[in-house]
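Chemist: Quick one: structure below, then a few questions.
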2 protein chains.
Amino acid sequence: MKQKAITLLDVAREAGVSRATVARVLNATGYVGEETRIKVEAAARATGYRPNVMARSLRTHRSFTIGHILLEITTNPFFAHVARAVEGEALGNGYKAFLFNHHGNKDDERFGVERFIERQVDAVIFTYPIDSDSIALLRAAEMPVVQIERQQTADTDAVLVDNPLGVELAMRHLIELGHRRIAFIGGDPALYPYSGVQPRSIEEERLDTYVACLRFAGISVDPDLIRLGRYVHIDGGSNIEGYRHAQALLALRDPPTAIFAACDILAAGVFRAAYEARLRIPDDLSVVGFDDTLGAHLAPRLTSVAQPMAELGLTAFQLALGAIENKGLAPRVVTLAPHLVIRESTGPAAPAPKARS
Amino acid sequence: MKQKAITLLDVAREAGVSRATVARVLNATGYVGEETRIKVEAAARATGYRPNVMARSLRTHRSFTIGHILLEITTNPFFAHVARAVEGEALGNGYKAFLFNHHGNKDDERFGVERFIERQVDAVIFTYPIDSDSIALLRAAEMPVVQIERQQTADTDAVLVDNPLGVELAMRHLIELGHRRIAFIGGDPALYPYSGVQPRSIEEERLDTYVACLRFAGISVDPDLIRLGRYVHIDGGSNIEGYRHAQALLALRDPPTAIFAACDILAAGVFRAAYEARLRIPDDLSVVGFDDTLGAHLAPRLTSVAQPMAELGLTAFQLALGAIENKGLAPRVVTLAPHLVIRESTGPAAPAPKARS
DNA sequence: TTGTACGCGTTATCAA
DNA sequence: TTGATAACGCGTACAA
């Protein structure tokens with residue numbers, strides 16, 4: 001029953017040539033006579049030959065496989081989108097991708113990297129890396145590495161996002177709508193990895209730009225309107241991080257008329273707090289998110305800074321491929337621009353700041 | 001620089017034995033003397049030996065890799081959760097999983113299956129299969145197959161969900177809350193694959209059970225309250241399927257006081273329609289979802305029938321592993337039970353059926 | 001232009 | 001209990 005796999009030898013016999021010739025034809029390498037080429041190709045098709053990737057990899061030391069290690073594909077759709085893009089681009093280039101979720105744990109990240117090395121992947125993409133030691137492990141094995149979104153070490157390729165631009169787009173939008181009490185809910189710099197490779201961490205970039213935008217518009221910065229914590233905190237089937245921050249903000253004596261949440265998942269929490277406070281969005285409160293991952297599902301649909309998730313993944317794979325085919329290149333850093341998707345969660349500032357419908 | 005990989009031979013030299021003995025120790029196969037075993041283990045640790053999986057696979061015809069082909073990881077978190085569970089269970093058993101998204105396209109599914117065969121995966125898990133030809137391809141190669149959620153052919157293992165139970169839990173909950181005008185938004189049987197292996201398709205099971213529950217409660221079935229279509233339809237950054245159905249339902253002369261959506265993504269659309277109609281959930285309208293994927297993010301949090309996503313993935317891998325290690329077993333079908341997660345989107349039926357706040 | 005022959009790192013079969 | 005040695009299927013240097 002088990003049809004013995006067809007090998008080069010079978011094709012060679014069918015075509016009446018040697019295995020080496022078949023290999024040359026199929027890999028388009030070396031000189032091959034025109035008619036034998038045609039003969040071999042026909043034989044390959046007739047026999048239904050499929051190259052044995054294991055044997056090939058054993059011989060060539062290339063697995064045509066890459067490893068993609070990411071934070072956690074289930075909790076933030078951002079990762080699913082990036083992973084999807086990496087997979088798509090890999091597939092188009094004859095590669096397959098292994099996925100691994102480190103869920104923010106250094107030891108797990110290390111474990112995943114070791115599995116990748118063991119599997120002899122040709123390169124590893126991180127979305128995003130948390131421990132530079134894991135990268136060092138890869139570098140020691142001369143394995144190309146690409147870091148997405150965050151840069152943990154300076155010695156590998158990286159694809160980053162222009163965070164200041166993203167924040168600026170959001171803030172400009174809100175300010176143009178007449179908002180002056182704009183709150184910021186974002187990541188606490190103390191909770192997220194920062195390596196010193198970039199001048200500032202992503203969290204600092206976002207926060208600083210928020211402050212800068214306010215200053216530029218001549219709006220004073222109110223520390224009460226700044227709330228920092230985790231981006232994602234789901235507990236007991238409840239998205240609580242943005243929710244609690246928003247509750248606190250809305251309970252302020254002088255509550256904000258707009259909230260900029262540095263992650264769509266935080267924004268969803270804000271929506272929930274607003275709903276419970278019986279505030280209408282955007283009439284009583286405007287909300288802008290970041291990532292554009294949940295925008296389509298929320299009520300009303302969320303205005304959000306869209307990260308170029310597909311481009312992030314695609315570019316990362318291209319960089320990885322370049323590094324695989326041409327080792328020893330100097331590290332390249334690509335920065336991509338986000339853009340603002342305006343939907344229904346933002347509107348003119350309510351005339352009365354104390355918004356109660 | 002490139003430290004040449006350490007092979008069995010290196011370990012053998014270090015330990016002063018032959019390669020065969022090292023292999024026997026490391027694989028715990030065959031008789032090995034106690035002291036040589038210790039000696040070899042020390043040598044393996046000292047040299048930092050890592051087995052070459054390519055060579056091993058070439059020899060054993062096992063790749064310790066499985067393929068997981070699913071609908072689309074980016075559009076429905078359900079798939080991300082199942083994939084995560086498969087990955088976790090695989091990892092615990094020395095396996096890695098390849099992912100592939102067929103996004104509902106037969107040709108793509110076929111393409112993915114071919115990539116898996118090419119990569120010599122040891123088994124393939126489908127979440128969910130759409131074309132029985134793809135499965136046949138795998139069966140011809142004697143490759144174990146596990147189908148999750150939907151069963152396209154009867155000749156492989158499968159892990160299914162008790163859909164009637166899920167619907168019953170939701171309907172009982174709503175009926176106990178006093179609802180009598182309960183709408184159903186679900187998948188159109190004509191739009192989803194059905195093979196005839198099961199007595200009814202998932203879509204029919206859900207719809208039939210909805211009808212049966214109403215009848216059982218002595219509530220007449222109103223065709224106007226039944227809306228069928230796709231589960232997920234995101235267009236132009238907008239989740240429109242549940243939204244449009246809900247708009248139509250709420251515009252009815254005698255609108256429903258509760259809506260049961262056979263997918264959380266549909267429920268999110270319902271929320272949006274309700275929001276625009278200025279209806280409060282659950283005061284004016286109760287909503288129950290299915291899958292429990294978006295529940296934590298919506299405002300208010302969604303009551304939903306939770307699919308056992310982790311168990312689905314875990315069980316599927318276990319079945320696959322069993323089939324790998326013991327080929328030729330009779331197909332096994334496991335059915336798992338969903339459960340109801342009650343949150344804040346359901347409440348007592350509004351006394352006035354014409355709900356306008 | 002084509003064929004021969006070796007090696008990639010394992011596992012498995014024999015003898016010893 | 002251990003050690004040679006032959007595969008596994010492929011790519012490639014070298015010879016023809």
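Following the order of the structure tokens, chains are lettered A, B, ..., residues in each are numbered from 1, and ligands are numbered from 1.
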Report as JSON, numbers by chain all protein, DNA and RNA residues lying within 12 Å of DA15 of chain C, evaluated on only C-alpha atoms (C1' of nucleotides), omitting residues in the same chain fewer than 5 positions from it.
Modeler: {"D": [2, 3, 4, 5]}
Chemist: Excluding DA6 of chain D and any residue of its chain fewer than 2 positions from it, enumerate the residues within 10 Å of it, using only C-alpha atoms (C1' of nucleotides), and give them as an MDAnalysis selection string.
Modeler: (chainID C and resid 12:14) or (chainID D and resid 4)
Chemist: For those residues, write N, CA and C atoms (P, O5', C5', C4', C3', O3' and C1' of nucleotides) to a file as a PDB file, in the first residue's frame.
Modeler:
```
ATOM      1  P    DA C  12      16.102   3.123  14.407  1.00  0.00           P
ATOM      2  O5'  DA C  12      16.835   1.993  13.558  1.00  0.00           O
ATOM      3  C5'  DA C  12      16.626   1.912  12.151  1.00  0.00           C
ATOM      4  C4'  DA C  12      17.324   0.681  11.611  1.00  0.00           C
ATOM      5  C3'  DA C  12      17.134  -0.571  12.468  1.00  0.00           C
ATOM      6  O3'  DA C  12      17.118  -1.699  11.608  1.00  0.00           O
ATOM      7  C1'  DA C  12      19.410  -0.021  12.413  1.00  0.00           C
ATOM      8  P    DT C  13      16.560  -3.106  12.218  1.00  0.00           P
ATOM      9  O5'  DT C  13      17.442  -4.171  11.423  1.00  0.00           O
ATOM     10  C5'  DT C  13      17.998  -3.823  10.155  1.00  0.00           C
ATOM     11  C4'  DT C  13      19.345  -4.499   9.987  1.00  0.00           C
ATOM     12  C3'  DT C  13      19.438  -5.877  10.655  1.00  0.00           C
ATOM     13  O3'  DT C  13      19.980  -6.805   9.727  1.00  0.00           O
ATOM     14  C1'  DT C  13      21.268  -4.539  11.305  1.00  0.00           C
ATOM     15  P    DC C  14      19.570  -8.380   9.806  1.00  0.00           P
ATOM     16  O5'  DC C  14      20.998  -9.092   9.809  1.00  0.00           O
ATOM     17  C5'  DC C  14      21.820  -8.757  10.765  1.00  0.00           C
ATOM     18  C4'  DC C  14      23.246  -8.629  10.443  1.00  0.00           C
ATOM     19  C3'  DC C  14      24.054  -9.747  11.091  1.00  0.00           C
ATOM     20  O3'  DC C  14      24.889 -10.378  10.142  1.00  0.00           O
ATOM     21  C1'  DC C  14      24.675  -7.590  11.975  1.00  0.00           C
TER      22       DC C  14
ATOM     23  P    DA D   4      35.098  -0.094  15.747  1.00  0.00           P
ATOM     24  O5'  DA D   4      35.096  -0.860  14.361  1.00  0.00           O
ATOM     25  C5'  DA D   4      34.050  -0.602  13.510  1.00  0.00           C
ATOM     26  C4'  DA D   4      33.810  -1.785  12.610  1.00  0.00           C
ATOM     27  C3'  DA D   4      33.643  -1.309  11.174  1.00  0.00           C
ATOM     28  O3'  DA D   4      33.923  -2.340  10.271  1.00  0.00           O
ATOM     29  C1'  DA D   4      31.540  -1.945  12.105  1.00  0.00           C
TER      30       DA D   4
END
```
Chemist: Write out as an MDAnalysis selection string every residue belonging to chain C that has an atom at most 10 Å from any atom of chain A, counting only C-alpha atoms (C1' of nucleotides).
Modeler: chainID C and resid 1:4 7:9
Chemist: Give the residues of chain A that lie within 7 Å of chain B; count only C-alpha atoms, and format the answer as a PyMOL selection string.
Modeler: chain A and resi 2+50+53-55+57-58+73-74+77+80-81+97-98+118-119+141-142+237-239+268-269+271-272+275+296-300
Chemist: Could you please write out, as a ChimeraX atom specification, every residue of segment 80-288 of chain B that DSSP assigns to strand (DSSP E)?
Modeler: /B:96-101,123-127,145-148,157-161,182-187,226-229,234-235,238-239,258-261,286-288
Chemist: Mind dumping the selected residues with N, CA and C atoms as a CSV table (one decimal), in the first residue's frame?
Modeler:
```csv
chain,number,residue,atom,x,y,z
B,96,LYS,N,6.9,20.0,16.5
B,96,LYS,CA,6.7,21.4,16.1
B,96,LYS,C,5.5,21.3,15.1
B,97,ALA,N,4.8,22.4,15.1
B,97,ALA,CA,3.7,22.5,14.1
B,97,ALA,C,3.9,23.6,13.1
B,98,PHE,N,3.5,23.2,11.8
B,98,PHE,CA,3.5,24.2,10.8
B,98,PHE,C,2.0,24.6,10.6
B,99,LEU,N,1.9,25.9,10.4
B,99,LEU,CA,0.5,26.5,10.3
B,99,LEU,C,0.3,26.8,8.8
B,100,PHE,N,-1.0,26.7,8.4
B,100,PHE,CA,-1.3,27.2,7.1
B,100,PHE,C,-2.8,27.6,7.0
B,101,ASN,N,-3.0,28.8,6.5
B,101,ASN,CA,-4.4,29.4,6.4
B,101,ASN,C,-4.9,29.2,5.0
B,123,ALA,N,1.7,14.2,10.5
B,123,ALA,CA,0.2,14.1,10.6
B,123,ALA,C,-0.3,15.5,10.2
B,124,VAL,N,-1.5,15.6,9.8
B,124,VAL,CA,-2.1,16.9,9.5
B,124,VAL,C,-3.4,17.1,10.3
B,125,ILE,N,-3.5,18.2,10.9
B,125,ILE,CA,-4.8,18.6,11.6
B,125,ILE,C,-5.5,19.7,10.8
B,126,PHE,N,-6.8,19.5,10.6
B,126,PHE,CA,-7.6,20.5,9.9
B,126,PHE,C,-8.5,21.2,10.9
B,127,THR,N,-8.5,22.5,10.9
B,127,THR,CA,-9.5,23.3,11.6
B,127,THR,C,-10.0,24.4,10.7
B,145,VAL,N,-4.7,11.9,9.8
B,145,VAL,CA,-5.4,13.2,9.7
B,145,VAL,C,-6.4,13.3,10.8
B,146,VAL,N,-6.5,14.5,11.4
B,146,VAL,CA,-7.5,14.8,12.4
B,146,VAL,C,-8.3,16.0,12.0
B,147,GLN,N,-9.6,15.9,12.0
B,147,GLN,CA,-10.4,17.0,11.6
B,147,GLN,C,-11.0,17.6,12.9
B,148,ILE,N,-10.9,19.0,13.0
B,148,ILE,CA,-11.5,19.6,14.1
B,148,ILE,C,-12.7,20.4,13.7
B,157,ASP,N,-9.7,10.5,12.2
B,157,ASP,CA,-10.0,11.0,13.5
B,157,ASP,C,-10.7,12.3,13.4
B,158,ALA,N,-11.5,12.6,14.4
B,158,ALA,CA,-12.1,14.0,14.4
B,158,ALA,C,-12.4,14.4,15.8
B,159,VAL,N,-12.4,15.7,16.1
B,159,VAL,CA,-12.8,16.3,17.4
B,159,VAL,C,-13.9,17.3,17.1
B,160,LEU,N,-15.0,17.0,17.6
B,160,LEU,CA,-16.2,17.8,17.3
B,160,LEU,C,-16.7,18.5,18.5
B,161,VAL,N,-17.6,19.4,18.3
B,161,VAL,CA,-18.2,20.1,19.4
B,161,VAL,C,-19.7,19.8,19.5
B,182,ILE,N,-37.1,35.7,20.6
B,182,ILE,CA,-35.7,35.5,20.5
B,182,ILE,C,-35.3,35.3,19.1
B,183,ALA,N,-34.4,36.2,18.6
B,183,ALA,CA,-34.0,36.1,17.2
B,183,ALA,C,-32.7,35.2,17.1
B,184,PHE,N,-32.5,34.6,15.9
B,184,PHE,CA,-31.4,33.8,15.7
B,184,PHE,C,-30.6,34.3,14.5
B,185,ILE,N,-29.3,34.6,14.7
B,185,ILE,CA,-28.5,35.0,13.5
B,185,ILE,C,-27.4,33.9,13.5
B,186,GLY,N,-27.3,33.3,12.3
B,186,GLY,CA,-26.4,32.2,12.2
B,186,GLY,C,-25.8,32.0,10.8
B,187,GLY,N,-25.1,30.9,10.7
B,187,GLY,CA,-24.5,30.6,9.4
B,187,GLY,C,-25.6,30.0,8.5
B,226,ILE,N,-35.4,34.8,12.1
B,226,ILE,CA,-34.2,34.0,11.7
B,226,ILE,C,-33.5,34.6,10.6
B,227,ARG,N,-32.2,34.9,10.8
B,227,ARG,CA,-31.4,35.5,9.8
B,227,ARG,C,-30.1,34.7,9.5
B,228,LEU,N,-29.9,34.3,8.3
B,228,LEU,CA,-28.7,33.4,8.0
B,228,LEU,C,-27.8,34.1,7.1
B,229,GLY,N,-26.5,33.8,7.2
B,229,GLY,CA,-25.5,34.4,6.3
B,229,GLY,C,-24.2,33.8,6.7
B,234,ILE,N,-16.0,40.9,7.2
B,234,ILE,CA,-15.4,42.2,7.5
B,234,ILE,C,-15.2,42.9,6.1
B,235,ASP,N,-15.7,44.1,6.0
B,235,ASP,CA,-15.5,44.8,4.7
B,235,ASP,C,-15.2,46.3,5.0
B,238,SER,N,-15.0,47.2,8.5
B,238,SER,CA,-16.3,47.2,9.3
B,238,SER,C,-16.8,45.7,9.3
B,239,ASN,N,-17.2,45.4,10.5
B,239,ASN,CA,-17.8,44.0,10.7
B,239,ASN,C,-19.3,44.2,10.4
B,258,ALA,N,-34.4,39.6,22.5
B,258,ALA,CA,-33.1,38.9,22.7
B,258,ALA,C,-32.6,38.4,21.3
B,259,ILE,N,-31.3,38.4,21.1
B,259,ILE,CA,-30.8,37.9,19.9
B,259,ILE,C,-29.7,36.9,20.3
B,260,PHE,N,-29.8,35.7,19.7
B,260,PHE,CA,-28.8,34.7,19.8
B,260,PHE,C,-27.9,34.7,18.5
B,261,ALA,N,-26.7,35.1,18.6
B,261,ALA,CA,-25.8,35.1,17.5
B,261,ALA,C,-24.9,33.9,17.5
B,286,SER,N,-31.2,41.7,25.0
B,286,SER,CA,-30.2,40.7,25.4
B,286,SER,C,-29.5,40.1,24.2
B,287,VAL,N,-28.3,39.8,24.4
B,287,VAL,CA,-27.5,39.2,23.3
B,287,VAL,C,-26.6,38.1,23.9
B,288,VAL,N,-26.7,36.9,23.2
B,288,VAL,CA,-25.8,35.8,23.5
B,288,VAL,C,-25.0,35.5,22.3
```
Chemist: State, in Å with one decimal place, the distance from atom CA of Val167 of chain A to atom CA of Met309 of chain A.
Modeler: 16.6 Å
Chemist: Per residue of chain D within 10 Å of chain A, record the nearest atom pair and its distance in Å to one decimal, counting only C-alpha atoms (C1' of nucleotides), with rows in chain order and ascending residue number, as a Markdown table.
Modeler:
```
| residue | atom | partner | partner_atom | distance |
| --- | --- | --- | --- | --- |
| D:DC8 | C1' | A:Ala55 | CA | 7.8 |
| D:DG9 | C1' | A:Ala55 | CA | 5.1 |
| D:DC10 | C1' | A:Arg56 | CA | 5.2 |
| D:DG11 | C1' | A:Arg59 | CA | 6.4 |
| D:DT12 | C1' | A:Ala20 | CA | 8.6 |
```
Chemist: May I have the selected residues written with N, CA and C atoms (P, O5', C5', C4', C3', O3' and C1' of nucleotides), as a JSON list (two decimals), in the first residue's frame?
Modeler:
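Saved result, out-v1.json, follows:
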```
[["chain", "number", "residue", "atom", "x", "y", "z"],
["D", 8, "DC", "P", 17.81, 2.54, 1.21],
["D", 8, "DC", "O5'", 17.44, 3.94, 1.85],
["D", 8, "DC", "C5'", 16.69, 4.05, 3.05],
["D", 8, "DC", "C4'", 16.68, 5.49, 3.48],
["D", 8, "DC", "C3'", 16.70, 6.47, 2.32],
["D", 8, "DC", "O3'", 15.36, 6.89, 2.05],
["D", 8, "DC", "C1'", 18.19, 7.14, 4.10],
["D", 9, "DG", "P", 14.82, 6.79, 0.54],
["D", 9, "DG", "O5'", 15.39, 8.13, -0.10],
["D", 9, "DG", "C5'", 14.90, 9.37, 0.38],
["D", 9, "DG", "C4'", 15.79, 10.47, -0.13],
["D", 9, "DG", "C3'", 15.94, 10.52, -1.66],
["D", 9, "DG", "O3'", 15.45, 11.77, -2.08],
["D", 9, "DG", "C1'", 18.04, 10.72, -0.59],
["D", 10, "DC", "P", 15.68, 12.40, -3.50],
["D", 10, "DC", "O5'", 16.97, 13.28, -3.25],
["D", 10, "DC", "C5'", 16.84, 14.40, -2.38],
["D", 10, "DC", "C4'", 18.19, 15.01, -2.14],
["D", 10, "DC", "C3'", 18.81, 15.67, -3.37],
["D", 10, "DC", "O3'", 18.78, 17.07, -3.17],
["D", 10, "DC", "C1'", 20.40, 14.33, -2.16],
["D", 11, "DG", "P", 19.14, 18.07, -4.35],
["D", 11, "DG", "O5'", 20.71, 18.26, -4.15],
["D", 11, "DG", "C5'", 21.14, 19.11, -3.10],
["D", 11, "DG", "C4'", 22.65, 19.16, -3.07],
["D", 11, "DG", "C3'", 23.30, 19.85, -4.25],
["D", 11, "DG", "O3'", 24.36, 20.62, -3.73],
["D", 11, "DG", "C1'", 24.17, 17.68, -4.06],
["D", 12, "DT", "P", 25.01, 21.78, -4.59],
["D", 12, "DT", "O5'", 26.44, 21.15, -4.88],
["D", 12, "DT", "C5'", 27.19, 20.61, -3.81],
["D", 12, "DT", "C4'", 28.40, 19.90, -4.37],
["D", 12, "DT", "C3'", 28.97, 20.53, -5.65],
["D", 12, "DT", "O3'", 30.38, 20.45, -5.57],
["D", 12, "DT", "C1'", 28.53, 18.28, -6.02]]
```
Chemist: Any chance you could list, as a VMD selection string, the residues in segment 234-335 of chain B that come up helix (DSSP H, G or I) when DSSP is run on the backbone?
Modeler: chain B and resid 241 to 250 264 to 276 309 to 325
Chemist: For the selection you just gave me, I'd like the residues written to a file as a CSV table (one decimal), in the first residue's frame, keeping N, CA and C atoms.
Modeler:
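Writing the result to again.csv gives the following:
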```csv
chain,number,residue,atom,x,y,z
B,241,GLU,N,-21.7,41.8,9.0
B,241,GLU,CA,-22.7,40.7,8.9
B,241,GLU,C,-23.8,40.8,10.0
B,242,GLY,N,-23.3,40.7,11.2
B,242,GLY,CA,-24.3,40.7,12.3
B,242,GLY,C,-25.0,42.1,12.4
B,243,TYR,N,-24.2,43.1,12.1
B,243,TYR,CA,-24.7,44.4,12.1
B,243,TYR,C,-26.0,44.6,11.2
B,244,ARG,N,-25.9,44.2,10.0
B,244,ARG,CA,-27.0,44.3,9.1
B,244,ARG,C,-28.2,43.5,9.5
B,245,HIS,N,-27.9,42.3,9.9
B,245,HIS,CA,-29.0,41.4,10.3
B,245,HIS,C,-29.7,42.0,11.5
B,246,ALA,N,-28.9,42.5,12.4
B,246,ALA,CA,-29.5,43.1,13.6
B,246,ALA,C,-30.3,44.4,13.3
B,247,GLN,N,-29.8,45.2,12.4
B,247,GLN,CA,-30.5,46.4,11.9
B,247,GLN,C,-31.9,46.0,11.4
B,248,ALA,N,-32.0,44.9,10.6
B,248,ALA,CA,-33.2,44.5,10.1
B,248,ALA,C,-34.2,44.0,11.2
B,249,LEU,N,-33.6,43.2,12.1
B,249,LEU,CA,-34.4,42.7,13.2
B,249,LEU,C,-35.0,43.8,14.1
B,250,LEU,N,-34.1,44.8,14.3
B,250,LEU,CA,-34.6,45.9,15.2
B,250,LEU,C,-35.6,46.8,14.5
B,264,ASP,N,-19.4,35.0,18.1
B,264,ASP,CA,-19.2,36.2,18.8
B,264,ASP,C,-19.0,37.4,17.8
B,265,ILE,N,-18.5,37.1,16.6
B,265,ILE,CA,-18.2,38.2,15.7
B,265,ILE,C,-19.5,38.8,15.2
B,266,LEU,N,-20.5,37.9,15.0
B,266,LEU,CA,-21.8,38.3,14.7
B,266,LEU,C,-22.4,39.1,15.8
B,267,ALA,N,-22.2,38.7,17.0
B,267,ALA,CA,-22.7,39.4,18.2
B,267,ALA,C,-22.1,40.8,18.3
B,268,ALA,N,-20.9,40.9,17.9
B,268,ALA,CA,-20.2,42.3,17.9
B,268,ALA,C,-21.0,43.2,16.9
B,269,GLY,N,-21.4,42.6,15.8
B,269,GLY,CA,-22.2,43.4,14.9
B,269,GLY,C,-23.5,43.8,15.4
B,270,VAL,N,-24.1,42.9,16.2
B,270,VAL,CA,-25.4,43.2,16.8
B,270,VAL,C,-25.2,44.3,17.8
B,271,PHE,N,-24.2,44.3,18.6
B,271,PHE,CA,-23.9,45.4,19.5
B,271,PHE,C,-23.9,46.7,18.8
B,272,ARG,N,-23.2,46.7,17.7
B,272,ARG,CA,-23.1,48.0,17.0
B,272,ARG,C,-24.4,48.5,16.5
B,273,ALA,N,-25.3,47.6,16.0
B,273,ALA,CA,-26.6,48.0,15.5
B,273,ALA,C,-27.4,48.5,16.7
B,274,ALA,N,-27.3,47.8,17.8
B,274,ALA,CA,-28.0,48.2,19.0
B,274,ALA,C,-27.6,49.6,19.5
B,275,TYR,N,-26.2,49.8,19.4
B,275,TYR,CA,-25.7,51.1,19.9
B,275,TYR,C,-26.2,52.2,19.0
B,276,GLU,N,-26.3,52.0,17.7
B,276,GLU,CA,-26.7,53.1,16.8
B,276,GLU,C,-28.2,53.3,17.1
B,309,MET,N,-11.9,25.5,23.2
B,309,MET,CA,-10.9,25.7,22.2
B,309,MET,C,-9.6,25.0,22.5
B,310,ALA,N,-9.2,25.1,23.8
B,310,ALA,CA,-7.9,24.5,24.2
B,310,ALA,C,-8.0,23.0,24.1
B,311,GLU,N,-9.1,22.5,24.6
B,311,GLU,CA,-9.3,21.0,24.6
B,311,GLU,C,-9.4,20.5,23.2
B,312,LEU,N,-10.0,21.3,22.3
B,312,LEU,CA,-10.1,20.9,20.9
B,312,LEU,C,-8.7,20.7,20.3
B,313,GLY,N,-7.8,21.6,20.5
B,313,GLY,CA,-6.5,21.5,20.0
B,313,GLY,C,-5.7,20.4,20.6
B,314,LEU,N,-5.8,20.4,21.9
B,314,LEU,CA,-5.1,19.3,22.7
B,314,LEU,C,-5.5,17.9,22.3
B,315,THR,N,-6.8,17.7,22.2
B,315,THR,CA,-7.3,16.4,21.9
B,315,THR,C,-6.9,16.0,20.4
B,316,ALA,N,-7.0,17.0,19.6
B,316,ALA,CA,-6.6,16.8,18.2
B,316,ALA,C,-5.2,16.3,18.1
B,317,PHE,N,-4.3,17.0,18.8
B,317,PHE,CA,-2.9,16.5,18.8
B,317,PHE,C,-2.7,15.1,19.3
B,318,GLN,N,-3.4,14.9,20.4
B,318,GLN,CA,-3.3,13.6,21.0
B,318,GLN,C,-3.8,12.5,20.1
B,319,LEU,N,-4.9,12.7,19.4
B,319,LEU,CA,-5.3,11.8,18.4
B,319,LEU,C,-4.3,11.6,17.3
B,320,ALA,N,-3.8,12.7,16.8
B,320,ALA,CA,-2.8,12.6,15.8
B,320,ALA,C,-1.6,11.8,16.2
B,321,LEU,N,-1.1,12.1,17.4
B,321,LEU,CA,0.0,11.3,18.0
B,321,LEU,C,-0.3,9.8,18.0
B,322,GLY,N,-1.5,9.5,18.5
B,322,GLY,CA,-1.8,8.1,18.6
B,322,GLY,C,-1.8,7.5,17.2
B,323,ALA,N,-2.3,8.2,16.2
B,323,ALA,CA,-2.4,7.6,14.9
B,323,ALA,C,-1.0,7.5,14.3
B,324,ILE,N,-0.1,8.4,14.7
B,324,ILE,CA,1.3,8.3,14.2
B,324,ILE,C,2.0,7.1,14.7
B,325,GLU,N,1.8,6.9,16.0
B,325,GLU,CA,2.6,5.8,16.7
B,325,GLU,C,1.9,4.5,16.5
```
Chemist: For the atom pair atom CA of His179 of chain A and atom CA of Ala217 of chain A, what is the interatomic distance in Å to one decimal place?
Modeler: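 So the answer is 10.6 Å.
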